[in-house]
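What follows is the content of structure01.txt (compact mmCIF, C-alpha atoms).
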```
# COMPACT_ATOMS: atom_id res chain seq x y z
CA MET A 1 16.92 -11.48 -2.01
CA GLN A 2 17.03 -7.90 -3.23
CA ASN A 3 17.83 -9.06 -6.77
CA LYS A 4 14.89 -11.51 -6.71
CA GLN A 5 12.54 -8.75 -5.59
CA LEU A 6 13.77 -6.49 -8.38
CA ARG A 7 13.30 -9.29 -10.91
CA GLY A 8 9.78 -9.94 -9.62
CA THR A 9 8.91 -6.25 -9.89
CA ILE A 10 10.18 -6.19 -13.49
CA TYR A 11 8.01 -9.21 -14.37
CA ILE A 12 4.92 -7.52 -12.91
CA LEU A 13 5.76 -4.27 -14.71
CA MET A 14 6.00 -6.17 -18.01
CA ALA A 15 2.59 -7.73 -17.35
CA THR A 16 1.17 -4.31 -16.54
CA ILE A 17 2.50 -2.86 -19.81
CA ILE A 18 0.80 -5.66 -21.75
CA TRP A 19 -2.49 -5.20 -19.90
CA GLY A 20 -2.41 -1.44 -20.46
CA SER A 21 -1.56 -1.67 -24.16
CA THR A 22 -4.33 -4.24 -24.67
CA PHE A 23 -6.86 -1.44 -24.18
CA VAL A 24 -5.76 -0.02 -27.55
CA ALA A 25 -6.30 -3.39 -29.24
CA GLN A 26 -9.74 -3.64 -27.63
CA SER A 27 -10.63 -0.11 -28.70
CA SER A 28 -9.53 -0.84 -32.27
CA VAL A 29 -11.38 -4.14 -32.55
CA SER A 30 -14.60 -2.68 -31.11
CA GLU A 31 -15.40 -1.30 -34.58
CA LYS A 32 -14.55 -4.54 -36.39
CA ILE A 33 -16.35 -7.37 -34.61
CA PRO A 34 -19.08 -7.59 -31.93
CA THR A 35 -18.20 -7.75 -28.23
CA PHE A 36 -19.11 -11.36 -27.45
CA THR A 37 -17.34 -12.54 -30.59
CA PHE A 38 -14.10 -10.80 -29.64
CA GLN A 39 -14.13 -11.91 -25.99
CA GLY A 40 -15.13 -15.47 -26.83
CA ILE A 41 -12.39 -16.05 -29.40
CA ARG A 42 -9.83 -14.10 -27.37
CA SER A 43 -10.53 -16.23 -24.30
CA LEU A 44 -10.25 -19.49 -26.21
CA VAL A 45 -6.94 -18.37 -27.74
CA GLY A 46 -5.75 -17.70 -24.19
CA VAL A 47 -7.02 -21.11 -23.10
CA ILE A 48 -4.88 -22.84 -25.73
CA PHE A 49 -1.82 -20.91 -24.58
CA LEU A 50 -2.47 -21.57 -20.88
CA ALA A 51 -3.23 -25.26 -21.50
CA VAL A 52 0.11 -25.73 -23.25
CA LEU A 53 1.85 -23.72 -20.51
CA SER A 54 0.22 -25.81 -17.77
CA LEU A 55 1.30 -29.06 -19.45
CA ILE A 56 4.87 -27.79 -19.80
CA LEU A 57 5.03 -26.71 -16.15
CA ASP A 58 3.67 -30.10 -15.02
CA MET A 59 6.25 -31.90 -17.17
CA ILE A 60 9.04 -29.80 -15.66
CA SER A 61 7.76 -30.48 -12.13
CA LYS A 62 7.59 -34.23 -12.79
CA LYS A 63 11.08 -34.23 -14.23
CA ARG A 64 12.40 -32.44 -11.14
CA GLY A 65 10.43 -34.70 -8.84
CA THR A 66 8.48 -31.80 -7.31
CA TYR A 67 5.10 -32.58 -8.87
CA GLN A 68 2.30 -33.31 -6.40
CA GLU A 69 -0.96 -34.89 -7.53
CA PRO A 70 -3.82 -32.67 -6.30
CA SER A 71 -6.19 -34.26 -3.80
CA ARG A 72 -9.87 -34.74 -4.51
CA GLN A 73 -10.70 -31.77 -2.28
CA GLU A 74 -8.14 -29.55 -4.05
CA THR A 75 -9.52 -30.56 -7.45
CA LYS A 76 -13.05 -29.80 -6.32
CA LEU A 77 -11.96 -26.40 -5.01
CA LEU A 78 -10.07 -25.68 -8.25
CA LEU A 79 -13.08 -26.50 -10.42
CA GLY A 80 -15.46 -24.54 -8.19
CA GLY A 81 -13.13 -21.55 -8.03
CA GLY A 82 -12.56 -21.60 -11.78
CA LEU A 83 -16.32 -21.71 -12.41
CA VAL A 84 -17.09 -18.80 -10.08
CA CYS A 85 -14.15 -16.67 -11.24
CA GLY A 86 -14.93 -17.46 -14.88
CA ILE A 87 -18.55 -16.33 -14.63
CA VAL A 88 -17.54 -13.06 -12.94
CA LEU A 89 -14.68 -12.54 -15.41
CA PHE A 90 -17.10 -13.05 -18.31
CA GLY A 91 -19.19 -10.17 -16.99
CA ALA A 92 -16.22 -7.88 -16.36
CA MET A 93 -14.53 -8.41 -19.74
CA ASN A 94 -17.68 -7.99 -21.78
CA LEU A 95 -18.83 -4.90 -19.88
CA GLN A 96 -15.45 -3.34 -20.58
CA GLN A 97 -15.63 -4.20 -24.28
CA PHE A 98 -19.21 -2.91 -24.55
CA GLY A 99 -17.95 0.33 -23.04
CA MET A 100 -15.37 0.75 -25.79
CA HIS A 101 -17.92 -0.25 -28.42
CA TYR A 102 -20.19 2.56 -27.20
CA GLY A 103 -17.59 5.29 -27.34
CA THR A 104 -15.23 5.11 -24.34
CA GLU A 105 -11.68 5.62 -25.55
CA ALA A 106 -8.83 3.29 -24.58
CA GLY A 107 -7.06 5.68 -22.21
CA LYS A 108 -10.26 6.66 -20.43
CA ALA A 109 -11.31 3.01 -20.14
CA GLY A 110 -7.96 2.19 -18.57
CA PHE A 111 -8.34 4.80 -15.86
CA ILE A 112 -11.99 4.05 -15.09
CA THR A 113 -11.24 0.32 -14.90
CA ALA A 114 -8.41 1.10 -12.45
CA MET A 115 -11.11 2.21 -10.00
CA TYR A 116 -11.27 -1.44 -8.91
CA MET A 117 -8.20 -0.68 -6.79
CA LEU A 118 -10.43 1.60 -4.73
CA ILE A 119 -13.63 -0.45 -4.92
CA VAL A 120 -12.08 -3.64 -3.49
CA PRO A 121 -11.60 -2.19 0.02
CA VAL A 122 -15.14 -0.79 -0.04
CA LEU A 123 -16.54 -4.24 -0.87
CA GLY A 124 -14.46 -5.51 2.04
CA LEU A 125 -16.83 -3.62 4.35
CA PHE A 126 -19.41 -6.33 3.68
CA LEU A 127 -16.87 -8.78 5.11
CA LYS A 128 -16.57 -6.53 8.19
CA LYS A 129 -13.13 -5.26 7.20
CA LYS A 130 -12.28 -1.64 7.97
CA VAL A 131 -11.41 0.77 5.18
CA PRO A 132 -8.23 2.79 5.87
CA VAL A 133 -8.39 6.60 5.88
CA ASN A 134 -6.06 6.84 2.87
CA VAL A 135 -8.43 4.68 0.81
CA LEU A 136 -11.41 6.86 1.75
CA ALA A 137 -9.41 9.94 0.74
CA GLY A 138 -8.46 8.20 -2.51
CA ILE A 139 -12.10 7.46 -3.30
CA CYS A 140 -13.04 11.13 -2.86
CA MET A 141 -10.19 12.19 -5.15
CA ALA A 142 -11.14 9.54 -7.70
CA VAL A 143 -14.70 10.89 -7.90
CA VAL A 144 -13.31 14.33 -8.84
CA GLY A 145 -10.91 12.80 -11.37
CA LEU A 146 -13.62 10.61 -12.85
CA PHE A 147 -15.87 13.66 -13.31
CA LEU A 148 -13.14 15.54 -15.22
CA LEU A 149 -12.29 12.44 -17.23
CA CYS A 150 -15.85 11.62 -18.29
CA MET A 151 -17.32 15.15 -18.35
CA SER A 152 -14.43 17.02 -20.02
CA ASP A 153 -16.91 18.64 -22.45
CA GLY A 154 -19.78 18.96 -20.00
CA MET A 155 -22.65 16.52 -20.54
CA GLN A 156 -21.35 15.98 -24.05
CA GLY A 157 -18.19 14.47 -22.59
CA PHE A 158 -20.16 11.64 -21.01
CA VAL A 159 -20.81 8.72 -23.34
CA LYS A 160 -22.90 5.61 -22.92
CA GLY A 161 -19.77 3.48 -22.86
CA ASP A 162 -18.55 5.14 -19.64
CA ILE A 163 -21.42 3.53 -17.73
CA TYR A 164 -20.44 0.07 -18.95
CA VAL A 165 -16.80 0.61 -17.99
CA MET A 166 -17.81 1.87 -14.53
CA LEU A 167 -19.85 -1.30 -14.02
CA CYS A 168 -16.88 -3.27 -15.34
CA ALA A 169 -14.67 -1.77 -12.59
CA VAL A 170 -17.14 -2.97 -9.94
CA VAL A 171 -17.32 -6.48 -11.40
CA PHE A 172 -13.52 -6.64 -11.70
CA ALA A 173 -13.32 -5.73 -8.01
CA VAL A 174 -15.62 -8.67 -7.21
CA HIS A 175 -13.44 -10.89 -9.40
CA ILE A 176 -10.32 -9.81 -7.50
CA MET A 177 -11.93 -10.77 -4.20
CA PHE A 178 -12.84 -14.23 -5.50
CA VAL A 179 -9.34 -14.74 -6.91
CA ASP A 180 -7.88 -13.55 -3.61
CA TYR A 181 -9.86 -16.31 -1.89
CA PHE A 182 -9.18 -19.18 -4.30
CA ALA A 183 -5.66 -18.47 -5.64
CA PRO A 184 -3.70 -19.31 -2.44
CA LYS A 185 -5.50 -22.65 -2.21
CA VAL A 186 -5.06 -23.94 -5.78
CA ASP A 187 -2.67 -23.90 -8.73
CA GLY A 188 -2.71 -20.33 -10.13
CA VAL A 189 -2.15 -21.20 -13.79
CA LYS A 190 -4.80 -23.93 -13.73
CA LEU A 191 -7.24 -21.56 -12.00
CA SER A 192 -6.65 -19.04 -14.78
CA LEU A 193 -7.07 -21.77 -17.40
CA ILE A 194 -10.43 -22.91 -16.03
CA GLN A 195 -11.79 -19.39 -15.54
CA PHE A 196 -10.97 -18.51 -19.15
CA ILE A 197 -12.57 -21.74 -20.36
CA VAL A 198 -15.76 -20.72 -18.53
CA ALA A 199 -15.60 -17.08 -19.68
CA GLY A 200 -14.82 -18.14 -23.25
CA VAL A 201 -17.58 -20.72 -23.49
CA ILE A 202 -20.24 -18.34 -22.13
CA SER A 203 -19.03 -15.59 -24.47
CA CYS A 204 -19.19 -17.97 -27.45
CA ILE A 205 -22.74 -19.03 -26.53
CA CYS A 206 -23.74 -15.34 -26.36
CA MET A 207 -21.90 -14.79 -29.65
CA PHE A 208 -24.16 -17.22 -31.50
CA ILE A 209 -27.29 -15.88 -29.77
CA PHE A 210 -26.75 -12.11 -29.94
CA ASP A 211 -23.98 -11.50 -32.49
CA LYS A 212 -23.72 -12.25 -36.17
CA PRO A 213 -20.12 -13.54 -36.35
CA ASN A 214 -18.50 -13.07 -39.72
CA VAL A 215 -15.40 -15.12 -40.54
CA ASN A 216 -13.95 -12.37 -42.72
CA ASP A 217 -14.38 -9.75 -39.97
CA ILE A 218 -12.74 -12.09 -37.45
CA TYR A 219 -9.83 -12.58 -39.84
CA LEU A 220 -9.39 -8.81 -40.22
CA ALA A 221 -9.20 -8.53 -36.41
CA ARG A 222 -6.83 -11.49 -36.06
CA TRP A 223 -3.86 -9.49 -34.76
CA GLU A 224 -5.87 -7.76 -32.03
CA ILE A 225 -7.40 -11.10 -31.02
CA LEU A 226 -4.01 -12.83 -30.90
CA TYR A 227 -2.44 -9.97 -28.94
CA ALA A 228 -5.27 -9.87 -26.40
CA GLY A 229 -5.51 -13.67 -26.19
CA ILE A 230 -1.84 -14.62 -26.01
CA GLY A 231 -0.46 -11.38 -24.59
CA SER A 232 -3.03 -10.26 -22.03
CA THR A 233 -4.63 -13.59 -21.15
CA GLY A 234 -1.60 -15.86 -21.35
CA ILE A 235 1.76 -14.10 -21.07
CA ALA A 236 0.77 -11.24 -18.77
CA TYR A 237 -1.01 -13.48 -16.28
CA THR A 238 2.00 -15.82 -16.18
CA LEU A 239 4.37 -12.90 -15.61
CA GLN A 240 2.16 -11.78 -12.73
CA ILE A 241 2.24 -15.24 -11.13
CA VAL A 242 6.03 -15.50 -11.44
CA GLY A 243 6.57 -11.91 -10.34
CA GLN A 244 4.47 -12.22 -7.20
CA LYS A 245 6.64 -15.11 -6.02
CA TYR A 246 9.39 -12.59 -5.32
CA SER A 247 7.57 -9.26 -4.93
CA PRO A 248 5.65 -8.27 -1.75
CA PRO A 249 1.86 -7.93 -2.24
CA THR A 250 1.81 -4.17 -1.52
CA LEU A 251 4.57 -3.49 -4.06
CA ALA A 252 2.95 -5.80 -6.60
CA SER A 253 -0.46 -4.08 -6.37
CA LEU A 254 1.23 -0.68 -6.61
CA VAL A 255 3.01 -1.67 -9.84
CA MET A 256 -0.16 -3.23 -11.29
CA SER A 257 -2.08 0.00 -10.74
CA PHE A 258 0.11 1.57 -13.45
CA GLU A 259 -2.00 -0.36 -15.99
CA SER A 260 -4.16 2.71 -16.49
CA VAL A 261 -1.11 4.87 -17.23
CA PHE A 262 0.13 2.48 -19.89
CA ALA A 263 -3.36 2.40 -21.42
CA MET A 264 -3.28 6.17 -21.90
CA LEU A 265 0.36 6.19 -23.07
CA SER A 266 -0.29 3.35 -25.53
CA GLU A 267 -3.22 5.22 -27.03
CA ILE A 268 -1.12 8.37 -27.47
CA VAL A 269 1.82 6.49 -29.02
CA VAL A 270 -0.36 4.53 -31.45
CA PHE A 271 -2.28 7.67 -32.40
CA LEU A 272 0.93 9.57 -33.14
CA ILE A 273 2.41 6.72 -35.19
CA VAL A 274 -0.74 5.53 -36.99
CA PRO A 275 -3.57 8.11 -36.63
CA THR A 276 -5.93 5.93 -38.71
CA PHE A 277 -5.29 2.76 -36.68
CA GLY A 278 -8.51 0.90 -35.91
CA GLY A 279 -10.55 3.00 -38.30
CA GLY A 280 -9.65 6.27 -36.60
CA VAL A 281 -11.27 5.44 -33.24
CA LEU A 282 -8.22 6.65 -31.31
CA SER A 283 -7.63 10.29 -30.40
CA LEU A 284 -5.47 12.45 -28.20
CA PRO A 285 -6.89 13.37 -24.75
CA ASN A 286 -7.78 17.01 -24.03
CA THR A 287 -6.48 19.03 -21.07
CA LYS A 288 -9.36 18.25 -18.69
CA GLU A 289 -9.11 14.54 -19.45
CA VAL A 290 -5.38 14.61 -18.71
CA ILE A 291 -6.00 16.45 -15.40
CA GLY A 292 -8.73 13.94 -14.54
CA CYS A 293 -6.35 11.07 -15.27
CA ILE A 294 -3.65 12.61 -13.08
CA ILE A 295 -6.09 13.07 -10.18
CA MET A 296 -7.38 9.50 -10.53
CA PHE A 297 -3.88 8.09 -10.72
CA THR A 298 -2.91 10.08 -7.61
CA ALA A 299 -5.97 8.68 -5.85
CA ILE A 300 -4.99 5.14 -6.80
CA MET A 301 -1.43 5.71 -5.56
CA LEU A 302 -2.74 7.15 -2.29
CA ALA A 303 -4.85 4.05 -1.78
CA GLN A 304 -1.79 1.81 -2.01
CA PHE A 305 0.12 3.26 0.95
CA GLU A 306 -0.63 2.35 4.54
CA PHE A 307 -0.39 5.01 7.23
CA PRO A 308 1.07 4.02 10.62
CA GLY A 309 -1.55 2.90 13.09
CA LYS A 310 -4.25 2.31 10.48
CA SER A 311 -5.85 -1.00 9.64
CA LYS A 312 -4.29 -3.10 6.89
CA LYS A 313 -5.79 -2.48 3.50
CA ILE A 314 -7.22 -5.16 1.30
CA THR A 315 -4.93 -6.05 -1.60
CA GLU A 316 -5.14 -8.37 -4.53
```

Could the structure of this file be written out as structure tokens, please?
Amino acid sequence: MQNKQLRGTIYILMATIIWGSTFVAQSSVSEKIPTFTFQGIRSLVGVIFLAVLSLILDMISKKRGTYQEPSRQETKLLLGGGLVCGIVLFGAMNLQQFGMHYGTEAGKAGFITAMYMLIVPVLGLFLKKKVPVNVLAGICMAVVGLFLLCMSDGMQGFVKGDIYVMLCAVVFAVHIMFVDYFAPKVDGVKLSLIQFIVAGVISCICMFIFDKPNVNDIYLARWEILYAGIGSTGIAYTLQIVGQKYSPPTLASLVMSFESVFAMLSEIVVFLIVPTFGGGVLSLPNTKEVIGCIIMFTAIMLAQFEFPGKSKKITE
């Protein structure tokens, strides 16, 4: 059992590394193609991957004799859950990408987005769920860290993109709560497939309305799109599903919160290796930004641990 738990933790860690490093790809592509264009094509690439994966898993289940045809009620719940989660995910992904387009760097975006780990319990108050003391303390710390991260150069350190990424963190928190409701009741891979179909279709509609998609620009951004579509959307989500079969929820959410760390580390590594990557949009963080990141990460870690005698926290 211990070996299975370790294997599950490794799977989730691999997914977290992919999610974190995707911030660099998003930051790079923000100067190449418009937001809706990137998210629309990325989502549809992920849909193709997940569709093939779902078919393969169903074939394996049928061969082993473990496949169960979903009931009409389960199918209805799956479609409804995929629709709701997809609409919310569309908002979260595009807000995040708009943030990077308007100046928020990859590492900073990773840490601000990680605020959803603190926002989820707060939203739980509307469901009459108590917020543990450690989460409240984490929120206070995160506010300090967020100030240092976004205001490292005073008012000049705050960019328009930071507002979009902050909103993205709130919407991602809402998405987590919807997934938390639907995922235990339906097939996880199929739920992901449907939500990305919805998010991708809406993004593509917005692409033709608001963007001016250029085939040549899309081709130049093909590697970022493929990495984000196959890596983040397809592989990472699958690793999370498999990993959480063996890893306890508290441990899983703790490991996933390292996404923001890998976002910052990925930006530093790519900048050191290829300073001109993505048209020179990457840069090294200054001292205040690093301190802000450390404080925010500490706040996120604090929010993951339960103190004896306190109410159970809300987890993904």

Please tell me which residues are no farther than 6 Å from (-14.6, -23.8, -9.6) in the file, counting all atoms listed in the file, and write them as number ranges by chain.
A: 77-84

Using all atoms listed in the file, what does the table of region 141-216 of chain A residues within 10 Å of region 110-114 of chain A look like, with each row giving the shortest atom pair and its distance in Å to one decimal, sorted by chain and ascending number, as a tab-separated table?
```
residue	atom	partner	partner_atom	distance
A:Ala142	CA	A:Ile112	CA	9.2
A:Gly145	CA	A:Phe111	CA	9.5
A:Leu146	CA	A:Ile112	CA	7.1
A:Leu149	CA	A:Ile112	CA	8.7
A:Cys150	CA	A:Ile112	CA	9.1
A:Asp162	CA	A:Ile112	CA	8.1
A:Ile163	CA	A:Ile112	CA	9.8
A:Val165	CA	A:Thr113	CA	6.4
A:Met166	CA	A:Ile112	CA	6.2
A:Leu167	CA	A:Thr113	CA	8.8
A:Cys168	CA	A:Thr113	CA	6.7
A:Ala169	CA	A:Thr113	CA	4.6
A:Val170	CA	A:Thr113	CA	8.4
A:Val171	CA	A:Thr113	CA	9.8
A:Phe172	CA	A:Thr113	CA	8.0
A:Ala173	CA	A:Thr113	CA	9.4
```

Check which residues of region 82-139 of chain A sit at most 12 Å from region 206-216 of chain A using only C-alpha atoms, and return one row each with the closest pair of atoms and their distance in Å to one decimal, ordered by chain and rising number, as JSON lines.
```
{"residue": "A:Phe90", "atom": "CA", "partner": "A:Cys206", "partner_atom": "CA", "distance": 10.7}
{"residue": "A:Gly91", "atom": "CA", "partner": "A:Cys206", "partner_atom": "CA", "distance": 11.6}
{"residue": "A:Asn94", "atom": "CA", "partner": "A:Cys206", "partner_atom": "CA", "distance": 10.6}
```

Can you write out the residues you just picked, keeping C-alpha atoms, as a PDB file, keeping the file's coordinate frame?
```pdb
ATOM      1  CA  PHE A  90     -17.100 -13.050 -18.310  1.00  0.00           C
ATOM      2  CA  GLY A  91     -19.190 -10.170 -16.990  1.00  0.00           C
ATOM      3  CA  ASN A  94     -17.680  -7.990 -21.780  1.00  0.00           C
TER       4      ASN A  94
END
```

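For the choices A:Gly243, A:Gly292, A:Pro121, A:Gly229, the atom-to-atom distance to Ile48 (chain A) is smallest for A:Gly229 when using only C-alpha atoms.
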
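With CA of Ala183 (chain A) on one side and CA of Cys85 (chain A) on the other, the separation reads 10.3 Å.
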
Do you know which residues are at most 12 Å from Cys140 (chain A) counting all atoms listed in the file, after dropping those on the same chain fewer than 6 positions away, and could you put them as JSON, numbers by chain?
{"A": [115, 118, 119, 133, 134, 146, 147, 295, 296, 298, 299, 300, 302, 303]}

Exercise: Val255 (chain A) partners within 8 Å, all atoms listed in the file, chain neighbours under 4 positions left out, as a list in words:
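With the cut-off at 8 Å, the set is Thr9, Ile12, Leu13, Thr16 and Leu251 of chain A.
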